[in-house]
$ cat my_file-v2.cif   # mmCIF, C-alpha atoms, pLDDT in the B column; chains and numbers go by the auth columns
data_final
#
loop_
_atom_site.group_PDB
_atom_site.id
_atom_site.type_symbol
_atom_site.label_atom_id
_atom_site.label_comp_id
_atom_site.label_asym_id
_atom_site.label_seq_id
_atom_site.Cartn_x
_atom_site.Cartn_y
_atom_site.Cartn_z
_atom_site.B_iso_or_equiv
_atom_site.auth_seq_id
_atom_site.auth_asym_id
ATOM 1 C CA MET A 1 17.776 -17.230 3.332 73.00 326 R
ATOM 2 C CA ASP A 2 20.580 -19.589 2.357 78.00 327 R
ATOM 3 C CA TRP A 3 18.052 -22.332 1.604 85.00 328 R
ATOM 4 C CA LEU A 4 16.516 -20.204 -1.167 90.00 329 R
ATOM 5 C CA SER A 5 18.070 -20.341 -4.627 94.00 330 R
ATOM 6 C CA PRO A 6 18.968 -17.018 -6.285 91.00 331 R
ATOM 7 C CA THR A 7 16.420 -17.701 -9.038 91.00 332 R
ATOM 8 C CA ALA A 8 13.664 -18.386 -6.515 95.00 333 R
ATOM 9 C CA ALA A 9 14.676 -15.272 -4.565 94.00 334 R
ATOM 10 C CA GLY A 10 14.299 -13.188 -7.737 91.00 335 R
ATOM 11 C CA TRP A 11 10.828 -14.578 -8.408 93.00 336 R
ATOM 12 C CA LEU A 12 9.811 -14.098 -4.782 95.00 337 R
ATOM 13 C CA ALA A 13 11.092 -10.508 -4.881 92.00 338 R
ATOM 14 C CA ASP A 14 8.866 -9.889 -7.920 90.00 339 R
ATOM 15 C CA LEU A 15 5.929 -11.429 -6.052 95.00 340 R
ATOM 16 C CA VAL A 16 6.577 -9.196 -3.024 94.00 341 R
ATOM 17 C CA LEU A 17 6.750 -6.161 -5.323 88.00 342 R
ATOM 18 C CA ALA A 18 3.491 -7.130 -7.051 91.00 343 R
ATOM 19 C CA THR A 19 1.843 -7.540 -3.635 94.00 344 R
ATOM 20 C CA HIS A 20 3.193 -4.145 -2.593 90.00 345 R
ATOM 21 C CA VAL A 21 1.780 -2.528 -5.743 89.00 346 R
ATOM 22 C CA GLY A 22 -1.557 -4.237 -5.083 93.00 347 R
ATOM 23 C CA ILE A 23 -1.672 -2.789 -1.578 94.00 348 R
ATOM 24 C CA VAL A 24 -0.804 0.689 -2.863 90.00 349 R
ATOM 25 C CA LEU A 25 -3.529 0.438 -5.499 93.00 350 R
ATOM 26 C CA PHE A 26 -6.037 -0.819 -2.920 97.00 351 R
ATOM 27 C CA VAL A 27 -5.301 2.103 -0.595 95.00 352 R
ATOM 28 C CA VAL A 28 -5.272 4.814 -3.273 94.00 353 R
ATOM 29 C CA LEU A 29 -8.007 3.551 -5.593 97.00 354 R
ATOM 30 C CA GLY A 30 -10.006 2.335 -2.614 97.00 355 R
ATOM 31 C CA GLN A 31 -10.055 5.872 -1.256 97.00 356 R
ATOM 32 C CA VAL A 32 -11.152 7.213 -4.625 97.00 357 R
ATOM 33 C CA ALA A 33 -13.940 4.611 -4.705 98.00 358 R
ATOM 34 C CA ILE A 34 -14.994 5.506 -1.149 98.00 359 R
ATOM 35 C CA LEU A 35 -15.250 9.196 -2.006 97.00 360 R
ATOM 36 C CA VAL A 36 -16.985 8.703 -5.358 98.00 361 R
ATOM 37 C CA GLY A 37 -19.180 5.904 -4.037 98.00 362 R
ATOM 38 C CA GLY A 38 -20.093 7.895 -0.947 97.00 363 R
ATOM 39 C CA LEU A 39 -21.250 10.786 -3.108 97.00 364 R
ATOM 40 C CA ARG A 40 -23.118 8.480 -5.504 98.00 365 R
ATOM 41 C CA GLY A 41 -24.710 6.333 -2.791 96.00 366 R
ATOM 42 C CA TRP A 42 -22.919 3.054 -3.571 97.00 367 R
ATOM 43 C CA PRO A 43 -23.672 0.847 -0.554 96.00 368 R
ATOM 44 C CA TRP A 44 -20.573 -1.378 -0.879 96.00 369 R
ATOM 45 C CA VAL A 45 -18.226 1.527 -0.072 97.00 370 R
ATOM 46 C CA ARG A 46 -19.746 1.661 3.395 96.00 371 R
ATOM 47 C CA SER A 47 -18.770 -1.946 4.128 97.00 372 R
ATOM 48 C CA TYR A 48 -17.352 -2.021 7.639 96.00 373 R
ATOM 49 C CA ARG A 49 -14.810 -4.757 6.839 96.00 374 R
ATOM 50 C CA LEU A 50 -13.576 -3.010 3.698 96.00 375 R
ATOM 51 C CA ARG A 51 -13.228 0.278 5.529 97.00 376 R
ATOM 52 C CA MET A 52 -11.459 -1.291 8.538 97.00 377 R
ATOM 53 C CA VAL A 53 -8.875 -2.985 6.310 97.00 378 R
ATOM 54 C CA HIS A 54 -8.415 0.246 4.360 97.00 379 R
ATOM 55 C CA LEU A 55 -8.044 2.334 7.524 96.00 380 R
ATOM 56 C CA ALA A 56 -5.683 -0.170 9.166 96.00 381 R
ATOM 57 C CA LEU A 57 -3.375 -0.181 6.136 95.00 382 R
ATOM 58 C CA MET A 58 -3.330 3.614 6.021 95.00 383 R
ATOM 59 C CA LEU A 59 -2.578 3.850 9.742 95.00 384 R
ATOM 60 C CA VAL A 60 0.333 1.409 9.395 94.00 385 R
ATOM 61 C CA ILE A 61 1.684 3.397 6.435 91.00 386 R
ATOM 62 C CA VAL A 62 1.494 6.773 8.175 93.00 387 R
ATOM 63 C CA LEU A 63 2.916 5.361 11.436 94.00 388 R
ATOM 64 C CA GLN A 64 5.896 3.900 9.563 90.00 389 R
ATOM 65 C CA ALA A 65 6.477 7.270 7.912 89.00 390 R
ATOM 66 C CA TRP A 66 6.346 9.152 11.209 93.00 391 R
ATOM 67 C CA LEU A 67 8.740 6.636 12.775 94.00 392 R
ATOM 68 C CA GLY A 68 11.125 6.937 9.830 88.00 393 R
ATOM 69 C CA ARG A 69 10.851 3.261 8.944 88.00 394 R
ATOM 70 C CA LEU A 70 10.729 1.637 5.545 85.00 395 R
ATOM 71 C CA CYS A 71 7.807 -0.602 4.684 88.00 396 R
ATOM 72 C CA PRO A 72 8.598 -4.218 5.637 91.00 397 R
ATOM 73 C CA LEU A 73 7.662 -5.266 2.092 90.00 398 R
ATOM 74 C CA THR A 74 10.335 -2.933 0.698 87.00 399 R
ATOM 75 C CA VAL A 75 12.928 -4.294 3.124 88.00 400 R
ATOM 76 C CA TRP A 76 12.000 -7.896 2.318 92.00 401 R
ATOM 77 C CA GLU A 77 12.009 -7.300 -1.429 89.00 402 R
ATOM 78 C CA GLN A 78 15.434 -5.630 -1.320 87.00 403 R
ATOM 79 C CA ALA A 79 16.865 -8.485 0.757 91.00 404 R
ATOM 80 C CA LEU A 80 15.501 -11.012 -1.733 93.00 405 R
ATOM 81 C CA ARG A 81 16.960 -9.062 -4.670 89.00 406 R
ATOM 82 C CA GLU A 82 20.341 -8.935 -2.961 90.00 407 R
ATOM 83 C CA HIS A 83 20.174 -12.698 -2.341 92.00 408 R
ATOM 84 C CA ALA A 84 19.292 -13.193 -6.015 91.00 409 R
ATOM 85 C CA GLY A 85 22.369 -11.200 -6.980 89.00 410 R
ATOM 86 C CA HIS A 86 20.324 -8.349 -8.458 81.00 411 R
ATOM 87 C CA ALA A 87 20.835 -4.680 -7.870 70.00 412 R
ATOM 88 C CA ALA A 88 17.750 -3.264 -6.189 59.00 413 R
ATOM 89 C CA TYR A 89 15.213 -2.196 -8.829 53.00 414 R
ATOM 90 C CA ALA A 90 17.269 -3.114 -11.861 50.00 415 R
ATOM 91 C CA GLY A 91 16.191 -6.688 -12.568 50.00 416 R
ATOM 92 C CA SER A 92 13.188 -8.225 -14.279 49.00 417 R
ATOM 93 C CA PHE A 93 10.530 -6.687 -16.488 47.00 418 R
ATOM 94 C CA ILE A 94 7.933 -6.895 -13.696 54.00 419 R
ATOM 95 C CA GLU A 95 10.315 -5.343 -11.215 57.00 420 R
ATOM 96 C CA HIS A 96 11.340 -2.584 -13.627 60.00 421 R
ATOM 97 C CA TRP A 97 7.815 -1.333 -14.342 65.00 422 R
ATOM 98 C CA LEU A 98 6.053 -2.001 -11.051 66.00 423 R
ATOM 99 C CA SER A 99 8.794 -0.363 -9.010 69.00 424 R
ATOM 100 C CA ARG A 100 8.540 2.790 -11.127 74.00 425 R
ATOM 101 C CA LEU A 101 4.821 2.896 -10.417 74.00 426 R
ATOM 102 C CA ILE A 102 5.221 3.144 -6.638 75.00 427 R
ATOM 103 C CA PHE A 103 8.784 4.325 -5.927 75.00 428 R
ATOM 104 C CA PHE A 104 10.238 7.753 -6.607 75.00 429 R
ATOM 105 C CA GLU A 105 12.933 10.004 -5.199 81.00 430 R
ATOM 106 C CA ALA A 106 11.977 12.769 -2.780 83.00 431 R
ATOM 107 C CA PRO A 107 13.072 13.990 0.651 88.00 432 R
ATOM 108 C CA TRP A 108 11.681 11.873 3.504 88.00 433 R
ATOM 109 C CA TRP A 109 9.537 14.731 4.804 90.00 434 R
ATOM 110 C CA VAL A 110 7.627 14.777 1.484 88.00 435 R
ATOM 111 C CA PHE A 111 6.536 11.185 2.062 87.00 436 R
ATOM 112 C CA VAL A 112 5.621 11.865 5.697 90.00 437 R
ATOM 113 C CA LEU A 113 3.535 14.869 4.641 94.00 438 R
ATOM 114 C CA ALA A 114 1.869 13.013 1.747 91.00 439 R
ATOM 115 C CA TYR A 115 1.011 9.982 3.894 92.00 440 R
ATOM 116 C CA THR A 116 -0.262 12.208 6.701 95.00 441 R
ATOM 117 C CA LEU A 117 -2.477 14.228 4.352 96.00 442 R
ATOM 118 C CA PHE A 118 -3.791 11.063 2.729 95.00 443 R
ATOM 119 C CA ALA A 119 -4.523 9.605 6.184 95.00 444 R
ATOM 120 C CA ALA A 120 -6.483 12.789 6.958 96.00 445 R
ATOM 121 C CA VAL A 121 -8.552 12.213 3.797 97.00 446 R
ATOM 122 C CA VAL A 122 -9.168 8.605 4.865 96.00 447 R
ATOM 123 C CA ALA A 123 -10.235 9.772 8.342 95.00 448 R
ATOM 124 C CA GLY A 124 -12.430 12.477 6.837 96.00 449 R
ATOM 125 C CA SER A 125 -14.186 9.919 4.670 97.00 450 R
ATOM 126 C CA TRP A 126 -15.136 7.998 7.834 95.00 451 R
ATOM 127 C CA ILE A 127 -16.941 11.119 8.985 95.00 452 R
ATOM 128 C CA ALA A 128 -18.465 12.073 5.620 96.00 453 R
ATOM 129 C CA PHE A 129 -19.378 8.509 4.583 96.00 454 R
ATOM 130 C CA PRO A 130 -19.328 6.354 7.716 96.00 455 R
ATOM 131 C CA PRO A 131 -19.093 2.600 7.278 95.00 456 R
ATOM 132 C CA ARG A 132 -22.022 0.443 8.285 92.00 457 R
ATOM 133 C CA ARG A 133 -21.929 -2.966 9.879 87.00 458 R
ATOM 134 C CA LYS A 134 -23.781 -5.753 8.119 78.00 459 R
ATOM 135 C CA GLY A 135 -27.473 -5.623 8.960 65.00 460 R
ATOM 136 C CA ALA A 136 -27.351 -2.036 10.229 62.00 461 R
ATOM 137 C CA THR A 137 -30.005 0.288 8.912 56.00 462 R
ATOM 138 C CA ALA A 138 -29.335 3.722 7.426 53.00 463 R
#
$ encode --input "my_file-v2.cif" --output "structure tokens"
Amino acid sequence: MDWLSPTAAGWLADLVLATHVGIVLFVVLGQVAILVGGLRGWPWVRSYRLRMVHLALMLVIVLQAWLGRLCPLTVWEQALREHAGHAAYAGSFIEHWLSRLIFFEAPWWVFVLAYTLFAAVVAGSWIAFPPRRKGATA
């Protein structure tokens, strides 16, 4: 990372954090939309591609938790902040607020349990509101 200036590393760290927040919002709000949309009959929530991306992200998240690994985006962001000369989660305005949205202190088992339960909800929604491939009939 020596080729990257500290200023650029700080901006890139903010971009990684914003991407991370976007993924979290997609997984959480996407699940809410799937449940609400399934109950209300919204056809777009049964999109096979949408549901595969959603499921794949959730499976990666829960697998990382069970393996005791940090998210690669977190690791990358922290490395960029260190290269920029910033303390982790104490830098820019974007970093300050977005990191508080998705990061909090708790024992590791709390995260493993939360991710596992959320993955169970995601799996249950596949049963309750199964996705449909394009062109498939109801």
$ closest_residue --input "my_file-v2.cif" --among "R:Met326, R:Ala439, R:Leu426, R:Met377" --to "Leu350 of chain R" --atoms "all atoms listed in the file"
R:Leu426
$ resolve_selection --input "my_file-v2.cif" --expression "the PyMOL selection byres ((chain R and resi 454) around 10)" --output "NGL selection string"
:R and (359-360 or 362-364 or 366 or 370-371 or 448-453 or 455-457)
$ residues_near_point --input "my_file-v2.cif" --point "(15.7, -11.3, -2.7)" --cutoff "7 Å" --atoms "all atoms listed in the file" --output "ChimeraX atom specification"
/R:334-335,337-338,402-409
$ axis_aligned_box --input "my_file-v2.cif" --around "segment 354-373 of chain R" --padding-each-side "3 Å" --output "AutoDock Vina command-line options"
--center_x -16.4 --center_y 4.4 --center_z 1.0 --size_x 22.7 --size_y 18.8 --size_z 19.2
$ residues_near_point --input "my_file-v2.cif" --point "(4.3, -3.8, 7.3)" --cutoff "8 Å" --atoms "all atoms listed in the file" --output "PDB file with C-alpha atoms, keeping the file's coordinate frame"
ATOM      1  CA  VAL R 385       0.333   1.409   9.395  1.00 94.00           C
ATOM      2  CA  ILE R 386       1.684   3.397   6.435  1.00 91.00           C
ATOM      3  CA  CYS R 396       7.807  -0.602   4.684  1.00 88.00           C
ATOM      4  CA  PRO R 397       8.598  -4.218   5.637  1.00 91.00           C
ATOM      5  CA  LEU R 398       7.662  -5.266   2.092  1.00 90.00           C
TER       6      LEU R 398
END
$ resolve_selection --input "my_file-v2.cif" --expression "the PyMOL selection byres ((chain R and resi 437) around 9)" --output "number ranges by chain"
R: 387, 389-391, 393, 433-436, 438-442
$ write_last_selection --input "my_file-v2.cif" --atoms "C-alpha atoms" --output "compact mmCIF listing (two decimals), keeping the file's coordinate frame"
# COMPACT_ATOMS: atom_id res chain seq x y z
CA VAL R 387 1.49 6.77 8.18
CA GLN R 389 5.90 3.90 9.56
CA ALA R 390 6.48 7.27 7.91
CA TRP R 391 6.35 9.15 11.21
CA GLY R 393 11.12 6.94 9.83
CA TRP R 433 11.68 11.87 3.50
CA TRP R 434 9.54 14.73 4.80
CA VAL R 435 7.63 14.78 1.48
CA PHE R 436 6.54 11.18 2.06
CA LEU R 438 3.54 14.87 4.64
CA ALA R 439 1.87 13.01 1.75
CA TYR R 440 1.01 9.98 3.89
CA THR R 441 -0.26 12.21 6.70
CA LEU R 442 -2.48 14.23 4.35
$ closest_residue --input "my_file-v2.cif" --among "R:Ser330, R:Val447, R:Arg374, R:Ile427" --to "Val346 of chain R" --atoms "all atoms listed in the file"
R:Ile427
$ resolve_selection --input "my_file-v2.cif" --expression "the PyMOL selection byres ((chain R and resi 352) around 12)" --output "VMD selection string"
chain R and resid 345 to 351 353 to 359 375 to 386 440 443 to 444 446 to 447
$ atom_distance --input "my_file-v2.cif" --atom1 "atom CA of Arg394 of chain R" --atom2 "atom CA of Ala412 of chain R"
21.1 Å
$ atom_distance --input "my_file-v2.cif" --atom1 "atom CA of Trp367 of chain R" --atom2 "atom CA of Ala445 of chain R"
21.8 Å
$ atom_distance --input "my_file-v2.cif" --atom1 "atom CA of Val341 of chain R" --atom2 "atom CA of Pro432 of chain R"
24.4 Å
$ closest_residue --input "my_file-v2.cif" --among "R:Val361, R:Leu342, R:Lys459, R:Pro331" --to "Phe428 of chain R" --atoms "all atoms listed in the file"
R:Leu342
